[in-house]
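Visitor: For reference, the file run_29.cif (mmCIF, C-alpha atoms and all ligand atoms) is included below:
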data_protein
#
loop_
_atom_site.label_atom_id
_atom_site.label_comp_id
_atom_site.auth_asym_id
_atom_site.auth_seq_id
_atom_site.Cartn_x
_atom_site.Cartn_y
_atom_site.Cartn_z
CA MET A 1 29.31 27.11 -70.38
CA GLN A 2 27.76 26.27 -67.05
CA ASP A 3 25.36 23.33 -66.94
CA ARG A 4 21.78 24.31 -66.44
CA ILE A 5 21.31 21.61 -63.81
CA TYR A 6 23.72 21.19 -60.92
CA LYS A 7 23.96 19.01 -57.86
CA THR A 8 25.49 20.17 -54.60
CA GLU A 9 25.54 19.69 -50.89
CA ALA A 10 23.93 22.60 -49.10
CA VAL A 11 22.91 23.92 -45.70
CA VAL A 12 19.91 26.24 -45.46
CA LEU A 13 20.97 29.39 -43.58
CA ARG A 14 17.54 31.03 -43.63
CA ARG A 15 14.32 30.80 -45.59
CA TYR A 16 11.16 32.76 -46.11
CA ASP A 17 7.80 32.27 -47.75
CA PHE A 18 7.62 32.65 -51.50
CA GLY A 19 4.23 32.65 -53.17
CA GLU A 20 1.53 30.42 -51.82
CA ALA A 21 3.35 27.22 -51.03
CA GLY A 22 6.97 27.94 -51.83
CA LYS A 23 10.02 29.15 -49.97
CA GLN A 24 13.03 31.17 -50.93
CA LEU A 25 16.13 29.75 -49.31
CA VAL A 26 19.55 31.21 -48.67
CA ILE A 27 21.89 28.24 -48.80
CA TYR A 28 25.60 27.76 -48.30
CA THR A 29 27.46 25.29 -50.50
CA PRO A 30 31.05 24.05 -50.87
CA ARG A 31 31.65 25.20 -54.46
CA LEU A 32 29.08 27.91 -55.11
CA GLY A 33 29.34 29.72 -51.81
CA LYS A 34 26.19 31.44 -50.65
CA ARG A 35 23.25 31.31 -53.02
CA SER A 36 19.54 32.13 -53.07
CA VAL A 37 17.28 29.43 -54.47
CA LEU A 38 13.57 28.73 -54.78
CA ALA A 39 11.82 25.64 -53.45
CA LYS A 40 8.42 25.65 -55.10
CA GLY A 41 5.52 23.92 -53.38
CA VAL A 42 7.73 22.88 -50.46
CA LYS A 43 5.01 23.70 -47.92
CA ARG A 44 2.64 21.11 -49.39
CA THR A 45 2.79 17.87 -47.45
CA THR A 46 2.88 15.98 -50.74
CA SER A 47 6.04 17.80 -51.86
CA ARG A 48 9.02 15.51 -52.24
CA LEU A 49 11.20 18.39 -51.07
CA ALA A 50 9.33 18.79 -47.77
CA GLY A 51 11.40 17.97 -44.72
CA HIS A 52 14.68 17.97 -46.65
CA LEU A 53 15.31 21.70 -46.67
CA GLU A 54 15.29 22.50 -42.96
CA PRO A 55 17.61 25.20 -41.59
CA LEU A 56 20.87 23.85 -40.10
CA ALA A 57 20.54 20.43 -41.76
CA LEU A 58 22.92 19.16 -44.43
CA ALA A 59 21.14 18.24 -47.65
CA SER A 60 22.06 17.14 -51.13
CA ILE A 61 20.13 19.13 -53.71
CA VAL A 62 19.66 19.29 -57.44
CA ALA A 63 18.81 22.71 -58.82
CA ALA A 64 18.13 24.28 -62.19
CA ARG A 65 19.67 27.63 -62.97
CA GLY A 66 17.15 30.38 -63.61
CA ARG A 67 17.41 33.91 -64.94
CA ASN A 68 17.12 35.34 -61.43
CA LEU A 69 16.91 32.54 -58.95
CA ASP A 70 17.72 28.87 -59.27
CA THR A 71 14.99 26.34 -58.52
CA VAL A 72 15.51 23.27 -56.37
CA THR A 73 14.13 20.20 -58.12
CA GLN A 74 15.33 17.44 -55.78
CA ALA A 75 16.49 17.35 -52.18
CA SER A 76 17.52 14.64 -49.76
CA THR A 77 18.85 14.90 -46.23
CA VAL A 78 22.49 13.92 -45.79
CA GLU A 79 22.84 14.72 -42.08
CA SER A 80 19.83 15.95 -40.12
CA PHE A 81 21.75 17.09 -36.99
CA SER A 82 18.61 16.28 -35.04
CA ARG A 83 20.07 16.88 -31.59
CA LEU A 84 21.30 20.28 -32.69
CA ARG A 85 17.93 21.21 -34.19
CA ASN A 86 15.81 19.97 -31.26
CA ASP A 87 17.63 21.43 -28.28
CA GLY A 88 17.00 25.10 -27.46
CA ASP A 89 20.53 26.00 -26.48
CA ARG A 90 22.08 24.16 -29.42
CA VAL A 91 19.58 25.73 -31.84
CA PHE A 92 20.50 29.15 -30.48
CA HIS A 93 24.19 28.56 -31.12
CA GLY A 94 23.51 26.95 -34.51
CA LEU A 95 21.45 29.93 -35.66
CA MET A 96 24.13 32.33 -34.52
CA VAL A 97 26.75 30.42 -36.48
CA ALA A 98 24.51 30.37 -39.58
CA GLU A 99 23.75 34.07 -39.37
CA LEU A 100 27.37 34.96 -38.83
CA LEU A 101 28.31 32.98 -41.94
CA ASP A 102 25.51 34.71 -43.85
CA LYS A 103 26.68 38.18 -42.76
CA LEU A 104 30.36 37.54 -43.42
CA THR A 105 30.04 36.12 -46.93
CA PRO A 106 29.13 37.72 -50.25
CA GLU A 107 26.86 35.84 -52.68
CA GLN A 108 28.37 33.21 -54.94
CA GLU A 109 31.93 33.23 -53.71
CA GLU A 110 33.48 29.82 -53.25
CA ASN A 111 35.19 29.28 -49.90
CA GLN A 112 35.68 25.59 -49.28
CA ALA A 113 37.60 26.08 -46.05
CA LEU A 114 34.69 28.08 -44.67
CA TRP A 115 32.25 25.41 -45.83
CA THR A 116 34.31 22.77 -44.04
CA VAL A 117 34.54 24.61 -40.74
CA PHE A 118 30.84 25.48 -40.93
CA THR A 119 29.64 21.90 -41.43
CA GLU A 120 32.13 20.61 -38.86
CA THR A 121 30.76 23.16 -36.39
CA LEU A 122 27.20 21.95 -36.98
CA ARG A 123 28.40 18.38 -36.42
CA ARG A 124 30.19 19.41 -33.20
CA LEU A 125 27.14 21.30 -31.94
CA ASP A 126 25.11 18.16 -32.66
CA THR A 127 27.41 15.75 -30.84
CA GLN A 128 29.36 17.66 -28.22
CA GLN A 129 28.00 18.65 -24.83
CA ASP A 130 29.39 22.16 -24.58
CA PRO A 131 28.44 24.57 -27.39
CA TRP A 132 30.93 27.26 -26.35
CA THR A 133 34.04 25.57 -27.74
CA PRO A 134 32.75 24.84 -31.28
CA THR A 135 30.93 28.18 -31.52
CA THR A 136 33.95 30.18 -30.43
CA TYR A 137 36.27 28.28 -32.75
CA PHE A 138 33.86 28.94 -35.61
CA GLN A 139 33.68 32.67 -34.91
CA VAL A 140 37.45 33.13 -34.94
CA ARG A 141 38.00 30.85 -37.95
CA ALA A 142 35.16 32.41 -39.92
CA ILE A 143 36.55 35.91 -39.30
CA ALA A 144 40.01 34.73 -40.40
CA LEU A 145 38.79 32.78 -43.45
CA SER A 146 36.74 35.78 -44.59
CA GLY A 147 39.91 37.82 -44.90
CA TYR A 148 40.00 39.48 -41.48
CA ARG A 149 42.51 37.27 -39.71
CA PRO A 150 43.32 39.09 -36.49
CA GLU A 151 46.97 39.96 -35.76
CA LEU A 152 47.78 38.20 -32.49
CA GLU A 153 51.55 37.70 -32.71
CA ALA A 154 52.73 41.31 -32.78
CA CYS A 155 51.43 44.85 -32.39
CA VAL A 156 49.16 45.49 -35.38
CA GLN A 157 50.48 49.06 -35.59
CA CYS A 158 54.29 48.76 -35.20
CA GLU A 159 54.76 44.98 -35.60
CA GLY A 160 56.72 45.07 -32.36
CA ARG A 161 56.75 42.20 -29.93
CA LEU A 162 53.88 41.97 -27.47
CA ASP A 163 54.68 42.24 -23.80
CA ALA A 164 52.44 39.80 -21.90
CA ARG A 165 52.18 42.29 -19.03
CA ALA A 166 50.24 44.85 -21.06
CA VAL A 167 48.40 43.90 -24.23
CA TYR A 168 45.58 45.85 -25.83
CA TYR A 169 43.14 44.84 -28.54
CA SER A 170 41.71 46.94 -31.33
CA PRO A 171 38.53 45.70 -33.01
CA ARG A 172 38.90 48.36 -35.72
CA LEU A 173 42.51 47.53 -36.59
CA GLY A 174 41.84 43.82 -36.11
CA GLY A 175 44.53 42.82 -33.70
CA ALA A 176 46.68 43.34 -30.65
CA LEU A 177 48.36 46.63 -29.76
CA CYS A 178 51.42 47.37 -27.63
CA PRO A 179 51.05 49.96 -24.81
CA GLU A 180 52.76 52.58 -26.95
CA HIS A 181 50.21 52.23 -29.75
CA ARG A 182 47.07 51.52 -27.79
CA LEU A 183 45.77 54.97 -28.78
CA ALA A 184 46.01 54.12 -32.48
CA ASP A 185 42.41 53.09 -31.89
CA ALA A 186 40.43 54.98 -29.25
CA GLY A 187 38.21 51.91 -29.04
CA SER A 188 41.04 49.62 -27.98
CA PHE A 189 40.95 47.97 -24.58
CA GLU A 190 43.28 45.96 -22.40
CA VAL A 191 43.15 42.19 -22.72
CA SER A 192 44.83 39.44 -20.75
CA ALA A 193 47.78 37.51 -22.12
CA ASN A 194 45.70 34.35 -21.63
CA ALA A 195 42.94 35.68 -23.86
CA ILE A 196 45.48 36.31 -26.62
CA LYS A 197 46.74 32.74 -26.16
CA VAL A 198 43.22 31.32 -26.53
CA LEU A 199 42.57 33.43 -29.63
CA ARG A 200 45.87 32.27 -31.15
CA ALA A 201 44.78 28.67 -30.68
CA ALA A 202 41.35 29.43 -32.18
CA VAL A 203 42.76 31.10 -35.29
CA GLY A 204 44.76 27.97 -36.14
CA PRO A 205 43.53 25.17 -38.39
CA SER A 206 43.29 22.50 -35.67
CA TYR A 207 40.08 22.35 -33.70
CA GLU A 208 41.55 19.64 -31.50
CA ALA A 209 44.44 21.91 -30.54
CA PHE A 210 41.95 24.63 -29.60
CA ARG A 211 39.82 22.16 -27.69
CA ARG A 212 42.77 21.12 -25.54
CA VAL A 213 43.28 24.69 -24.26
CA ARG A 214 41.74 25.07 -20.83
CA VAL A 215 39.45 28.10 -20.73
CA PRO A 216 37.92 28.85 -17.31
CA ALA A 217 34.61 30.75 -17.10
CA SER A 218 36.14 34.19 -16.51
CA LEU A 219 38.39 33.78 -19.54
CA ARG A 220 35.42 32.63 -21.63
CA ALA A 221 33.65 35.86 -20.71
CA GLU A 222 36.67 37.88 -21.80
CA ILE A 223 36.93 36.00 -25.13
CA ASP A 224 33.20 36.50 -25.72
CA ARG A 225 33.57 40.21 -25.16
CA ILE A 226 36.53 40.54 -27.53
CA LEU A 227 34.73 38.60 -30.26
CA ARG A 228 31.51 40.52 -29.76
CA LEU A 229 33.27 43.87 -30.16
CA ASN A 230 35.28 42.56 -33.10
CA LEU A 231 32.19 41.29 -34.90
CA ARG A 232 30.18 44.40 -34.18
CA THR A 233 32.92 46.48 -35.81
CA LEU A 234 33.31 44.05 -38.72
CA LEU A 235 29.66 43.64 -39.56
CA GLU A 236 28.27 47.11 -38.93
CA VAL A 237 25.07 45.91 -40.46
CA GLU A 238 21.60 45.30 -39.28
CA VAL A 239 21.48 42.01 -37.53
CA SER A 240 18.21 40.15 -37.52
CA SER A 241 18.63 36.86 -35.71
CA ALA A 242 17.71 36.93 -32.07
CA ALA A 243 20.68 34.71 -31.36
CA LEU A 244 23.21 36.99 -32.98
CA ILE A 245 21.66 40.15 -31.55
CA ASP A 246 21.82 38.66 -28.11
CA HIS A 247 25.41 37.68 -28.65
CA LEU A 248 26.46 41.07 -29.99
CA THR A 249 24.61 43.24 -27.49
CA ARG A 250 25.11 41.41 -24.24
CA GLN A 251 26.67 43.75 -21.72
CA PRO A 252 30.42 43.43 -21.55
CA VAL A 253 31.50 41.33 -18.60
CA ARG A 254 33.96 43.00 -16.31
ZN ZN B 1 53.09 49.00 -31.30
#
Translate this structure into structure tokens?
Ligand SMILES: [Zn+2]

Guide:
Amino acid sequence: MQDRIYKTEAVVLRRYDFGEAGKQLVIYTPRLGKRSVLAKGVKRTTSRLAGHLEPLALASIVAARGRNLDTVTQASTVESFSRLRNDGDRVFHGLMVAELLDKLTPEQEENQALWTVFTETLRRLDTQQDPWTPTTYFQVRAIALSGYRPELEACVQCEGRLDARAVYYSPRLGGALCPEHRLADAGSFEVSANAIKVLRAAVGPSYEAFRRVRVPASLRAEIDRILRLNLRTLLEVEVSSAALIDHLTRQPVR
């Protein structure tokens, strides 16, 4: 039988008002996956929970299982990621990462690898100067770790070798296409061999290996476009965060 009380690390992905002084939180955890919990009275300044359940911060919480929702009884900040949460551009990227995780994951499904890359991404956004590299790595890894690893080594249709001179990408089929099979998806489009190389590095387990790949601005724009189209196809859901909407709807760069 499950214990009624449990302790876990958690990051608040989003939260909304609940009752007069409480909040309902959607949290992500290493062992319990995504979960909805209640934080009663958290808006009162006297609450011991106040300040420890901020979005994009890493907290340690104790919660009691309830019939519908669990209730947080204790919370303490483990890592506040204060630079990330106080800088507009970093916040924007952090919220996009959190919403993407939220959209890609079902409730209560453990995915420790996803937890690890998520918290590492928050740490990187907090400490590193350039948000593009950690955010891009997260997007590709999160897609792969959610079961949609893109095929980047061979044609997703015929498994034939890719010819660097003409490579296409299909968001719907989730991978590269050879010229012969580009019409397997009417939504496929041509991509550069360099973009495929960058995506291959991003899908791997080493962030440092990805970080070492040089990605000039024009190639960044191409990668952004591929990921945007891929995510739009994958999610096909209403997207609410301004950050993610902006990311998904920005005009393709040519
Ligand atoms: Zn093919």

Visitor: Enumerate, in order of chain and increasing residue number, the residues of chain A with an atom no farther than 8 Å from ligand ZN 1 (chain B), each with its shortest atom pair and distance in Å to one decimal, counting all atoms listed in the file, as CSV.

Guide:
residue,atom,partner,partner_atom,distance
A:Ala154,CA,B:ZN1,ZN,7.8
A:Cys155,CA,B:ZN1,ZN,4.6
A:Val156,CA,B:ZN1,ZN,6.7
A:Gln157,CA,B:ZN1,ZN,5.0
A:Cys158,CA,B:ZN1,ZN,4.1
A:Glu159,CA,B:ZN1,ZN,6.1
A:Gly160,CA,B:ZN1,ZN,5.5
A:Arg161,CA,B:ZN1,ZN,7.8
A:Leu177,CA,B:ZN1,ZN,5.5
A:Cys178,CA,B:ZN1,ZN,4.3
A:Pro179,CA,B:ZN1,ZN,6.9
A:Glu180,CA,B:ZN1,ZN,5.6
A:His181,CA,B:ZN1,ZN,4.6
A:Arg182,CA,B:ZN1,ZN,7.4

Visitor: So how far away is CA of Ile27 (chain A) from CA of Gly147 (chain A), in Å?

Guide: 20.8 Å

Visitor: Hey, could you make a per-residue contact list for region 93-205 of chain A against region 227-231 of chain A with 9 Å as the cut-off, showing the nearest pair of atoms and its distance in Å to one decimal, counting only C-alpha atoms, sorted by chain and number, as CSV?

Guide:
residue,atom,partner,partner_atom,distance
A:Leu100,CA,A:Leu231,CA,8.9
A:Thr136,CA,A:Leu227,CA,8.5
A:Gln139,CA,A:Leu227,CA,7.6
A:Val140,CA,A:Leu227,CA,7.7
A:Ile143,CA,A:Leu231,CA,8.2
A:Ser170,CA,A:Asn230,CA,8.0
A:Pro171,CA,A:Asn230,CA,4.5
A:Arg172,CA,A:Asn230,CA,7.3
A:Gly174,CA,A:Asn230,CA,7.3

Visitor: I'd like the interatomic distance between CA of Arg211 (chain A) and CA of Thr119 (chain A), to a tenth of an Å.

Guide: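 It comes out at 17.1 Å.
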
Visitor: Just how far from CA of Val26 (chain A) is CA of Glu99 (chain A), in Å to one decimal?

Guide: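 So the answer is 10.6 Å.
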
Visitor: What's the 8 Å shell around region 41-53 of chain A, counting only C-alpha atoms, without same-chain residues fewer than 4 positions away, as a list in words?

Guide: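 Result of the neighbour search: Val11, Val12, Glu20, Ala21, Gly22, Lys23, Ala57, Ala59, Thr73, Gln74, Ala75, Ser76 and Thr77 of chain A.
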
Visitor: Take the residues that were just selected and, keeping C-alpha atoms, output them as an mmCIF file, keeping the file's coordinate frame.

Guide:
data_model
loop_
_atom_site.group_PDB
_atom_site.id
_atom_site.type_symbol
_atom_site.label_atom_id
_atom_site.label_comp_id
_atom_site.auth_asym_id
_atom_site.auth_seq_id
_atom_site.Cartn_x
_atom_site.Cartn_y
_atom_site.Cartn_z
ATOM 1 C CA VAL A 11 22.910 23.920 -45.700
ATOM 2 C CA VAL A 12 19.910 26.240 -45.460
ATOM 3 C CA GLU A 20 1.530 30.420 -51.820
ATOM 4 C CA ALA A 21 3.350 27.220 -51.030
ATOM 5 C CA GLY A 22 6.970 27.940 -51.830
ATOM 6 C CA LYS A 23 10.020 29.150 -49.970
ATOM 7 C CA ALA A 57 20.540 20.430 -41.760
ATOM 8 C CA ALA A 59 21.140 18.240 -47.650
ATOM 9 C CA THR A 73 14.130 20.200 -58.120
ATOM 10 C CA GLN A 74 15.330 17.440 -55.780
ATOM 11 C CA ALA A 75 16.490 17.350 -52.180
ATOM 12 C CA SER A 76 17.520 14.640 -49.760
ATOM 13 C CA THR A 77 18.850 14.900 -46.230
#

Visitor: When you look at Leu219 (chain A) with a cut-off of 9 Å (counting all atoms listed in the file), what residues show up, excluding the ones that are within fewer than 6 positions of it in the same chain? I need them as a PyMOL selection string.

Guide: chain A and resi 192+194-195+198

Visitor: Have a look at A:Ala64, A:Trp115, A:Thr133, A:Gly33 and name the one nearest to Arg212 (chain A); count all atoms listed in the file.

Guide: A:Thr133

Visitor: Find the residue from A:Ala98, A:Ala63, A:Leu38, A:Ala142 that sits nearest to Pro205 (chain A); use all atoms listed in the file when measuring.

Guide: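 Counting all atoms listed in the file, the residue closest to Pro205 (chain A) is A:Ala142.
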
Visitor: Let me make sure I understand: among A:Leu101, A:Leu235, A:Ile5, A:Val78, which one has the smallest atom-to-atom distance to Arg65 (chain A) if we use all atoms listed in the file?

Guide: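 Looking at the shortest contact to Arg65 (chain A), the residue is A:Ile5.
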
Visitor: Tell me which of A:Val191, A:Arg149, A:Leu248, A:Val167 sits closest to Gly204 (chain A), counting only C-alpha atoms.

Guide: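 For Gly204 (chain A), the nearest of the candidates is A:Arg149.
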
Visitor: With a distance cut-off of 12 Å and only C-alpha atoms, select the neighbouring residues of Asp130 (chain A), excluding the residue or stretch itself and same-chain residues fewer than 3 positions from it, and output the selection as an NGL selection string.

Guide: :A and (84 or 89-90 or 93 or 121 or 124-127 or 133-136 or 211)

Visitor: Kindly list the centre and edge lengths in Å, rounded to one decimal, for the axis-aligned box that covers all listed atoms of region 224-227 of chain A plus 3 Å on each of its six sides, as JSON.

Guide:
{"center_x": 34.9, "center_y": 38.5, "center_z": -27.7, "size_x": 9.3, "size_y": 10.0, "size_z": 11.1}

Visitor: Between A:Met96, A:Leu69, A:Ala201, A:Ala144, which is the closest to Gln24 (chain A) once you count all atoms listed in the file?

Guide: A:Leu69

Visitor: A:Glu107, A:Glu208, A:Asp163, A:Asp246: which is nearest Ala176 (chain A), counting all atoms listed in the file?

Guide: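 Using all atoms listed in the file, the shortest distance to Ala176 (chain A) belongs to A:Asp163.
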
Visitor: Within 9 Å of Glu109 (chain A), counting only C-alpha atoms, which residues show up once you throw out same-chain ones fewer than 3 positions away? Write them as a list of chain:residue names, please.

Guide: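 My list of contacting residues is A:Arg31, A:Leu32, A:Gly33, A:Lys34, A:Arg35, A:Thr105, A:Pro106.
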
Visitor: Add whatever atoms are absent from region 173-184 of chain A to reach N, CA and C atoms, and provide the output as a PDB file, keeping the file's coordinate frame.

Guide:
ATOM      1  N   LEU A 173      41.288  47.877 -35.867  1.00  0.00           N
ATOM      2  CA  LEU A 173      42.510  47.530 -36.590  1.00  0.00           C
ATOM      3  C   LEU A 173      42.660  46.018 -36.720  1.00  0.00           C
ATOM      4  N   GLY A 174      41.835  45.281 -35.980  1.00  0.00           N
ATOM      5  CA  GLY A 174      41.840  43.820 -36.110  1.00  0.00           C
ATOM      6  C   GLY A 174      43.071  43.170 -35.533  1.00  0.00           C
ATOM      7  N   GLY A 175      43.410  43.517 -34.304  1.00  0.00           N
ATOM      8  CA  GLY A 175      44.530  42.820 -33.700  1.00  0.00           C
ATOM      9  C   GLY A 175      45.013  43.454 -32.411  1.00  0.00           C
ATOM     10  N   ALA A 176      46.125  42.894 -31.928  1.00  0.00           N
ATOM     11  CA  ALA A 176      46.680  43.340 -30.650  1.00  0.00           C
ATOM     12  C   ALA A 176      47.483  44.628 -30.839  1.00  0.00           C
ATOM     13  N   LEU A 177      47.572  45.392 -29.757  1.00  0.00           N
ATOM     14  CA  LEU A 177      48.360  46.630 -29.760  1.00  0.00           C
ATOM     15  C   LEU A 177      49.305  46.621 -28.555  1.00  0.00           C
ATOM     16  N   CYS A 178      50.494  47.205 -28.747  1.00  0.00           N
ATOM     17  CA  CYS A 178      51.420  47.370 -27.630  1.00  0.00           C
ATOM     18  C   CYS A 178      50.980  48.615 -26.846  1.00  0.00           C
ATOM     19  N   PRO A 179      51.465  48.809 -25.616  1.00  0.00           N
ATOM     20  CA  PRO A 179      51.050  49.960 -24.810  1.00  0.00           C
ATOM     21  C   PRO A 179      51.306  51.298 -25.526  1.00  0.00           C
ATOM     22  N   GLU A 180      52.396  51.338 -26.277  1.00  0.00           N
ATOM     23  CA  GLU A 180      52.760  52.580 -26.950  1.00  0.00           C
ATOM     24  C   GLU A 180      51.739  52.972 -28.031  1.00  0.00           C
ATOM     25  N   HIS A 181      51.131  51.946 -28.643  1.00  0.00           N
ATOM     26  CA  HIS A 181      50.210  52.230 -29.750  1.00  0.00           C
ATOM     27  C   HIS A 181      48.749  51.959 -29.428  1.00  0.00           C
ATOM     28  N   ARG A 182      48.461  51.834 -28.152  1.00  0.00           N
ATOM     29  CA  ARG A 182      47.070  51.520 -27.790  1.00  0.00           C
ATOM     30  C   ARG A 182      46.131  52.629 -28.255  1.00  0.00           C
ATOM     31  N   LEU A 183      46.639  53.851 -28.381  1.00  0.00           N
ATOM     32  CA  LEU A 183      45.770  54.970 -28.780  1.00  0.00           C
ATOM     33  C   LEU A 183      45.602  55.080 -30.300  1.00  0.00           C
ATOM     34  N   ALA A 184      46.246  54.163 -31.030  1.00  0.00           N
ATOM     35  CA  ALA A 184      46.010  54.120 -32.480  1.00  0.00           C
ATOM     36  C   ALA A 184      44.525  53.870 -32.756  1.00  0.00           C
TER      37      ALA A 184
END
